[in-house]
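**Student:** So I've got this file, entry22.cif, and it contains mmCIF, C-alpha atoms:
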data_work
#
loop_
_atom_site.group_PDB
_atom_site.id
_atom_site.type_symbol
_atom_site.label_atom_id
_atom_site.label_comp_id
_atom_site.auth_asym_id
_atom_site.auth_seq_id
_atom_site.Cartn_x
_atom_site.Cartn_y
_atom_site.Cartn_z
ATOM 1 C CA MET A 564 0.000 0.000 0.000
ATOM 2 C CA THR A 565 1.075 3.582 -0.477
ATOM 3 C CA CYS A 566 0.582 6.625 1.652
ATOM 4 C CA SER A 567 -2.160 8.877 0.279
ATOM 5 C CA GLU A 568 -0.247 12.032 1.308
ATOM 6 C CA CYS A 569 3.309 11.373 0.149
ATOM 7 C CA GLY A 570 3.044 8.345 -2.139
ATOM 8 C CA ARG A 571 5.617 6.265 -0.288
ATOM 9 C CA SER A 572 5.099 2.602 0.395
ATOM 10 C CA THR A 573 3.784 2.073 3.910
ATOM 11 C CA ALA A 574 5.335 -1.399 4.015
ATOM 12 C CA SER A 575 8.869 -0.016 3.680
ATOM 13 C CA THR A 576 8.187 2.612 6.347
ATOM 14 C CA SER A 577 6.854 -0.065 8.662
ATOM 15 C CA ALA A 578 9.864 -2.282 7.978
ATOM 16 C CA TYR A 579 12.214 0.630 8.658
ATOM 17 C CA ARG A 580 10.476 1.428 11.953
ATOM 18 C CA ARG A 581 10.626 -2.215 12.949
ATOM 19 C CA PHE A 582 14.350 -2.311 12.094
ATOM 20 C CA VAL A 583 15.060 0.830 14.142
ATOM 21 C CA SER A 584 12.982 -0.509 17.032
ATOM 22 C CA ASP A 585 14.864 -3.823 17.003
ATOM 23 C CA LEU A 586 18.182 -2.003 16.769
ATOM 24 C CA LEU A 587 17.397 0.216 19.753
ATOM 25 C CA PHE A 588 16.190 -2.794 21.725
ATOM 26 C CA THR A 589 19.426 -4.660 20.964
ATOM 27 C CA PHE A 590 21.630 -1.712 21.915
ATOM 28 C CA GLY A 591 19.599 -1.289 25.099
ATOM 29 C CA TRP A 592 20.245 -4.890 26.101
ATOM 30 C CA ILE A 593 23.927 -4.552 25.270
ATOM 31 C CA ALA A 594 24.211 -1.367 27.336
ATOM 32 C CA ALA A 595 22.375 -2.958 30.272
ATOM 33 C CA THR A 596 24.611 -6.032 30.129
ATOM 34 C CA VAL A 597 27.789 -3.944 30.035
ATOM 35 C CA LEU A 598 26.568 -1.764 32.899
ATOM 36 C CA PHE A 599 25.717 -4.828 34.980
ATOM 37 C CA GLY A 600 29.146 -6.308 34.238
ATOM 38 C CA VAL A 601 30.942 -3.127 35.264
ATOM 39 C CA MET A 602 28.945 -2.918 38.488
ATOM 40 C CA ALA A 603 29.567 -6.590 39.286
ATOM 41 C CA ALA A 604 33.289 -6.192 38.632
ATOM 42 C CA SER A 605 33.422 -3.170 40.922
ATOM 43 C CA VAL A 606 31.670 -5.006 43.742
ATOM 44 C CA HIS A 607 33.933 -8.012 43.207
ATOM 45 C CA ASP A 608 37.066 -5.836 43.325
ATOM 46 C CA ASP A 609 35.909 -4.234 46.575
ATOM 47 C CA PHE A 610 35.194 -7.643 48.069
ATOM 48 C CA VAL A 611 38.593 -9.026 47.026
ATOM 49 C CA GLU A 612 40.397 -5.953 48.347
ATOM 50 C CA ASP A 613 38.585 -6.196 51.686
ATOM 51 C CA PHE A 614 39.303 -9.923 51.921
ATOM 52 C CA GLU A 615 43.010 -9.426 51.128
ATOM 53 C CA ASN A 616 43.303 -6.661 53.720
ATOM 54 C CA ARG A 617 41.599 -8.874 56.269
ATOM 55 C CA MET A 618 44.063 -11.703 55.608
ATOM 56 C CA LYS A 619 47.192 -9.519 55.464
ATOM 57 C CA HIS A 620 46.392 -7.200 58.382
ATOM 58 C CA PRO A 621 44.036 -8.925 60.827
ATOM 59 C CA ASP A 622 44.774 -6.479 63.676
ATOM 60 C CA GLU A 623 43.979 -3.441 61.539
ATOM 61 C CA TYR A 624 40.817 -5.152 60.358
ATOM 62 C CA ARG A 625 39.707 -5.813 63.952
ATOM 63 C CA ASN A 626 40.461 -2.189 64.859
ATOM 64 C CA GLN A 627 38.388 -1.000 61.888
ATOM 65 C CA LEU A 628 35.499 -3.231 62.960
ATOM 66 C CA GLU A 629 35.695 -1.814 66.483
ATOM 67 C CA ARG A 630 35.690 1.783 65.158
ATOM 68 C CA ASP A 631 32.710 0.959 62.952
ATOM 69 C CA ARG A 632 30.888 -0.596 65.903
ATOM 70 C CA GLU A 633 31.563 2.460 68.076
ATOM 71 C CA TRP A 634 30.383 4.772 65.310
ATOM 72 C CA MET A 635 27.161 2.789 64.898
ATOM 73 C CA GLU A 636 26.539 2.938 68.648
ATOM 74 C CA MET A 637 26.977 6.727 68.612
ATOM 75 C CA TYR A 638 24.761 7.020 65.539
ATOM 76 C CA GLU A 639 22.006 4.904 67.066
ATOM 77 C CA ALA A 640 22.205 6.847 70.343
ATOM 78 C CA ALA A 641 21.783 10.121 68.439
ATOM 79 C CA GLN A 642 18.576 8.966 66.749
ATOM 80 C CA PRO A 643 15.389 10.465 68.225
#
Can the structure in the file be given as C-alpha coordinates, please?
**Tutor:**
Amino acid sequence: MTCSECGRSTASTSAYRRFVSDLLFTFGWIAATVLFGVMAASVHDDFVEDFENRMKHPDEYRNQLERDREWMEMYEAAQP
(Lines of atoms letter the chains of each structure in order from A and count residues from 1; the text may use other names and numbers.)
(Lines give C-alpha, C1' and ligand atoms only; values in the text may rest on other atoms or scores of the structure.)
Protein backbone atom coordinates (compact mmCIF):
# COMPACT_ATOMS: atom_id res chain seq x y z
CA MET A 1 0.00 0.00 0.00
CA THR A 2 1.07 3.58 -0.48
CA CYS A 3 0.58 6.63 1.65
CA SER A 4 -2.16 8.88 0.28
CA GLU A 5 -0.25 12.03 1.31
CA CYS A 6 3.31 11.37 0.15
CA GLY A 7 3.04 8.34 -2.14
CA ARG A 8 5.62 6.27 -0.29
CA SER A 9 5.10 2.60 0.39
CA THR A 10 3.78 2.07 3.91
CA ALA A 11 5.34 -1.40 4.01
CA SER A 12 8.87 -0.02 3.68
CA THR A 13 8.19 2.61 6.35
CA SER A 14 6.85 -0.06 8.66
CA ALA A 15 9.86 -2.28 7.98
CA TYR A 16 12.21 0.63 8.66
CA ARG A 17 10.48 1.43 11.95
CA ARG A 18 10.63 -2.21 12.95
CA PHE A 19 14.35 -2.31 12.09
CA VAL A 20 15.06 0.83 14.14
CA SER A 21 12.98 -0.51 17.03
CA ASP A 22 14.86 -3.82 17.00
CA LEU A 23 18.18 -2.00 16.77
CA LEU A 24 17.40 0.22 19.75
CA PHE A 25 16.19 -2.79 21.72
CA THR A 26 19.43 -4.66 20.96
CA PHE A 27 21.63 -1.71 21.92
CA GLY A 28 19.60 -1.29 25.10
CA TRP A 29 20.24 -4.89 26.10
CA ILE A 30 23.93 -4.55 25.27
CA ALA A 31 24.21 -1.37 27.34
CA ALA A 32 22.37 -2.96 30.27
CA THR A 33 24.61 -6.03 30.13
CA VAL A 34 27.79 -3.94 30.03
CA LEU A 35 26.57 -1.76 32.90
CA PHE A 36 25.72 -4.83 34.98
CA GLY A 37 29.15 -6.31 34.24
CA VAL A 38 30.94 -3.13 35.26
CA MET A 39 28.94 -2.92 38.49
CA ALA A 40 29.57 -6.59 39.29
CA ALA A 41 33.29 -6.19 38.63
CA SER A 42 33.42 -3.17 40.92
CA VAL A 43 31.67 -5.01 43.74
CA HIS A 44 33.93 -8.01 43.21
CA ASP A 45 37.07 -5.84 43.32
CA ASP A 46 35.91 -4.23 46.57
CA PHE A 47 35.19 -7.64 48.07
CA VAL A 48 38.59 -9.03 47.03
CA GLU A 49 40.40 -5.95 48.35
CA ASP A 50 38.58 -6.20 51.69
CA PHE A 51 39.30 -9.92 51.92
CA GLU A 52 43.01 -9.43 51.13
CA ASN A 53 43.30 -6.66 53.72
CA ARG A 54 41.60 -8.87 56.27
CA MET A 55 44.06 -11.70 55.61
CA LYS A 56 47.19 -9.52 55.46
CA HIS A 57 46.39 -7.20 58.38
CA PRO A 58 44.04 -8.93 60.83
CA ASP A 59 44.77 -6.48 63.68
CA GLU A 60 43.98 -3.44 61.54
CA TYR A 61 40.82 -5.15 60.36
CA ARG A 62 39.71 -5.81 63.95
CA ASN A 63 40.46 -2.19 64.86
CA GLN A 64 38.39 -1.00 61.89
CA LEU A 65 35.50 -3.23 62.96
CA GLU A 66 35.69 -1.81 66.48
CA ARG A 67 35.69 1.78 65.16
CA ASP A 68 32.71 0.96 62.95
CA ARG A 69 30.89 -0.60 65.90
CA GLU A 70 31.56 2.46 68.08
CA TRP A 71 30.38 4.77 65.31
CA MET A 72 27.16 2.79 64.90
CA GLU A 73 26.54 2.94 68.65
CA MET A 74 26.98 6.73 68.61
CA TYR A 75 24.76 7.02 65.54
CA GLU A 76 22.01 4.90 67.07
CA ALA A 77 22.21 6.85 70.34
CA ALA A 78 21.78 10.12 68.44
CA GLN A 79 18.58 8.97 66.75
CA PRO A 80 15.39 10.46 68.22
**Student:** One decimal, in Å: what's the spacing between CA of Ser577 in chain A and CA of Ile593 in chain A?
**Tutor:**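 Distance reported for this atom pair: 24.2 Å.
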**Student:** Can you measure CA of Asp631 in chain A to CA of Phe599 in chain A for me? One decimal in Å is fine.
**Tutor:**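 Atom-to-atom, CA of Asp631 in chain A to CA of Phe599 in chain A, that is 29.4 Å.
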**Student:** Between CA of Asp622 in chain A and CA of Met635 in chain A, what distance in Å does the model show, to one decimal?
**Tutor:**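 These atoms are spaced 19.9 Å apart.
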**Student:** Draw an axis-aligned box tight on the listed atoms of range 630-633 of chain A, then pad every side by 5 Å and write out centre and edge lengths in Å to one decimal as JSON.
**Tutor:**
{"center_x": 33.3, "center_y": 0.9, "center_z": 65.5, "size_x": 14.8, "size_y": 13.1, "size_z": 15.1}
**Student:** Reconstruct all heavy atoms of range 590-601 of chain A; output as a PDB file, keeping the file's coordinate frame.
**Tutor:**
ATOM      1  N   PHE A 590      20.638  -2.569  21.265  1.00  0.00           N
ATOM      2  CA  PHE A 590      21.630  -1.712  21.915  1.00  0.00           C
ATOM      3  C   PHE A 590      21.285  -1.483  23.382  1.00  0.00           C
ATOM      4  O   PHE A 590      22.172  -1.365  24.226  1.00  0.00           O
ATOM      5  CB  PHE A 590      21.768  -0.375  21.181  1.00  0.00           C
ATOM      6  CG  PHE A 590      22.575  -0.475  19.924  1.00  0.00           C
ATOM      7  CD1 PHE A 590      22.150   0.168  18.775  1.00  0.00           C
ATOM      8  CD2 PHE A 590      23.742  -1.199  19.870  1.00  0.00           C
ATOM      9  CE1 PHE A 590      22.887   0.088  17.609  1.00  0.00           C
ATOM     10  CE2 PHE A 590      24.485  -1.298  18.707  1.00  0.00           C
ATOM     11  CZ  PHE A 590      24.053  -0.644  17.575  1.00  0.00           C
ATOM     12  N   GLY A 591      20.005  -1.424  23.703  1.00  0.00           N
ATOM     13  CA  GLY A 591      19.599  -1.289  25.099  1.00  0.00           C
ATOM     14  C   GLY A 591      20.028  -2.487  25.922  1.00  0.00           C
ATOM     15  O   GLY A 591      20.541  -2.337  27.036  1.00  0.00           O
ATOM     16  N   TRP A 592      19.821  -3.678  25.379  1.00  0.00           N
ATOM     17  CA  TRP A 592      20.245  -4.890  26.101  1.00  0.00           C
ATOM     18  C   TRP A 592      21.756  -4.945  26.237  1.00  0.00           C
ATOM     19  O   TRP A 592      22.280  -5.333  27.291  1.00  0.00           O
ATOM     20  CB  TRP A 592      19.742  -6.140  25.383  1.00  0.00           C
ATOM     21  CG  TRP A 592      18.422  -6.583  25.913  1.00  0.00           C
ATOM     22  CD1 TRP A 592      17.206  -6.448  25.316  1.00  0.00           C
ATOM     23  CD2 TRP A 592      18.165  -7.205  27.172  1.00  0.00           C
ATOM     24  NE1 TRP A 592      16.219  -6.948  26.127  1.00  0.00           N
ATOM     25  CE2 TRP A 592      16.777  -7.428  27.275  1.00  0.00           C
ATOM     26  CE3 TRP A 592      18.977  -7.592  28.228  1.00  0.00           C
ATOM     27  CZ2 TRP A 592      16.191  -8.019  28.382  1.00  0.00           C
ATOM     28  CZ3 TRP A 592      18.390  -8.186  29.338  1.00  0.00           C
ATOM     29  CH2 TRP A 592      17.020  -8.396  29.400  1.00  0.00           C
ATOM     30  N   ILE A 593      22.462  -4.559  25.199  1.00  0.00           N
ATOM     31  CA  ILE A 593      23.927  -4.552  25.270  1.00  0.00           C
ATOM     32  C   ILE A 593      24.398  -3.573  26.334  1.00  0.00           C
ATOM     33  O   ILE A 593      25.259  -3.886  27.157  1.00  0.00           O
ATOM     34  CB  ILE A 593      24.539  -4.229  23.889  1.00  0.00           C
ATOM     35  CG1 ILE A 593      24.294  -5.384  22.925  1.00  0.00           C
ATOM     36  CG2 ILE A 593      26.034  -3.931  24.007  1.00  0.00           C
ATOM     37  CD1 ILE A 593      24.645  -5.073  21.482  1.00  0.00           C
ATOM     38  N   ALA A 594      23.824  -2.370  26.346  1.00  0.00           N
ATOM     39  CA  ALA A 594      24.211  -1.367  27.336  1.00  0.00           C
ATOM     40  C   ALA A 594      23.895  -1.847  28.750  1.00  0.00           C
ATOM     41  O   ALA A 594      24.707  -1.672  29.673  1.00  0.00           O
ATOM     42  CB  ALA A 594      23.495  -0.046  27.053  1.00  0.00           C
ATOM     43  N   ALA A 595      22.745  -2.457  28.945  1.00  0.00           N
ATOM     44  CA  ALA A 595      22.375  -2.958  30.272  1.00  0.00           C
ATOM     45  C   ALA A 595      23.324  -4.066  30.712  1.00  0.00           C
ATOM     46  O   ALA A 595      23.728  -4.121  31.887  1.00  0.00           O
ATOM     47  CB  ALA A 595      20.933  -3.460  30.252  1.00  0.00           C
ATOM     48  N   THR A 596      23.696  -4.937  29.798  1.00  0.00           N
ATOM     49  CA  THR A 596      24.611  -6.032  30.129  1.00  0.00           C
ATOM     50  C   THR A 596      25.990  -5.494  30.495  1.00  0.00           C
ATOM     51  O   THR A 596      26.600  -5.946  31.475  1.00  0.00           O
ATOM     52  CB  THR A 596      24.724  -7.004  28.939  1.00  0.00           C
ATOM     53  OG1 THR A 596      23.413  -7.465  28.614  1.00  0.00           O
ATOM     54  CG2 THR A 596      25.615  -8.168  29.256  1.00  0.00           C
ATOM     55  N   VAL A 597      26.483  -4.538  29.740  1.00  0.00           N
ATOM     56  CA  VAL A 597      27.789  -3.944  30.035  1.00  0.00           C
ATOM     57  C   VAL A 597      27.748  -3.226  31.380  1.00  0.00           C
ATOM     58  O   VAL A 597      28.659  -3.378  32.198  1.00  0.00           O
ATOM     59  CB  VAL A 597      28.220  -2.979  28.905  1.00  0.00           C
ATOM     60  CG1 VAL A 597      29.414  -2.140  29.317  1.00  0.00           C
ATOM     61  CG2 VAL A 597      28.517  -3.764  27.639  1.00  0.00           C
ATOM     62  N   LEU A 598      26.693  -2.467  31.628  1.00  0.00           N
ATOM     63  CA  LEU A 598      26.568  -1.764  32.899  1.00  0.00           C
ATOM     64  C   LEU A 598      26.534  -2.744  34.070  1.00  0.00           C
ATOM     65  O   LEU A 598      27.208  -2.539  35.078  1.00  0.00           O
ATOM     66  CB  LEU A 598      25.311  -0.894  32.902  1.00  0.00           C
ATOM     67  CG  LEU A 598      25.063  -0.065  34.158  1.00  0.00           C
ATOM     68  CD1 LEU A 598      26.200   0.925  34.369  1.00  0.00           C
ATOM     69  CD2 LEU A 598      23.747   0.676  34.033  1.00  0.00           C
ATOM     70  N   PHE A 599      25.774  -3.812  33.937  1.00  0.00           N
ATOM     71  CA  PHE A 599      25.717  -4.828  34.980  1.00  0.00           C
ATOM     72  C   PHE A 599      27.095  -5.442  35.200  1.00  0.00           C
ATOM     73  O   PHE A 599      27.516  -5.661  36.341  1.00  0.00           O
ATOM     74  CB  PHE A 599      24.699  -5.913  34.622  1.00  0.00           C
ATOM     75  CG  PHE A 599      24.617  -6.986  35.653  1.00  0.00           C
ATOM     76  CD1 PHE A 599      23.915  -6.784  36.826  1.00  0.00           C
ATOM     77  CD2 PHE A 599      25.251  -8.199  35.448  1.00  0.00           C
ATOM     78  CE1 PHE A 599      23.847  -7.775  37.786  1.00  0.00           C
ATOM     79  CE2 PHE A 599      25.186  -9.191  36.399  1.00  0.00           C
ATOM     80  CZ  PHE A 599      24.482  -8.981  37.576  1.00  0.00           C
ATOM     81  N   GLY A 600      27.806  -5.731  34.121  1.00  0.00           N
ATOM     82  CA  GLY A 600      29.146  -6.308  34.238  1.00  0.00           C
ATOM     83  C   GLY A 600      30.119  -5.380  34.937  1.00  0.00           C
ATOM     84  O   GLY A 600      30.913  -5.816  35.777  1.00  0.00           O
ATOM     85  N   VAL A 601      30.064  -4.110  34.617  1.00  0.00           N
ATOM     86  CA  VAL A 601      30.942  -3.127  35.264  1.00  0.00           C
ATOM     87  C   VAL A 601      30.617  -3.035  36.750  1.00  0.00           C
ATOM     88  O   VAL A 601      31.523  -3.005  37.597  1.00  0.00           O
ATOM     89  CB  VAL A 601      30.809  -1.747  34.575  1.00  0.00           C
ATOM     90  CG1 VAL A 601      31.463  -0.657  35.397  1.00  0.00           C
ATOM     91  CG2 VAL A 601      31.405  -1.801  33.179  1.00  0.00           C
TER      92      VAL A 601
END
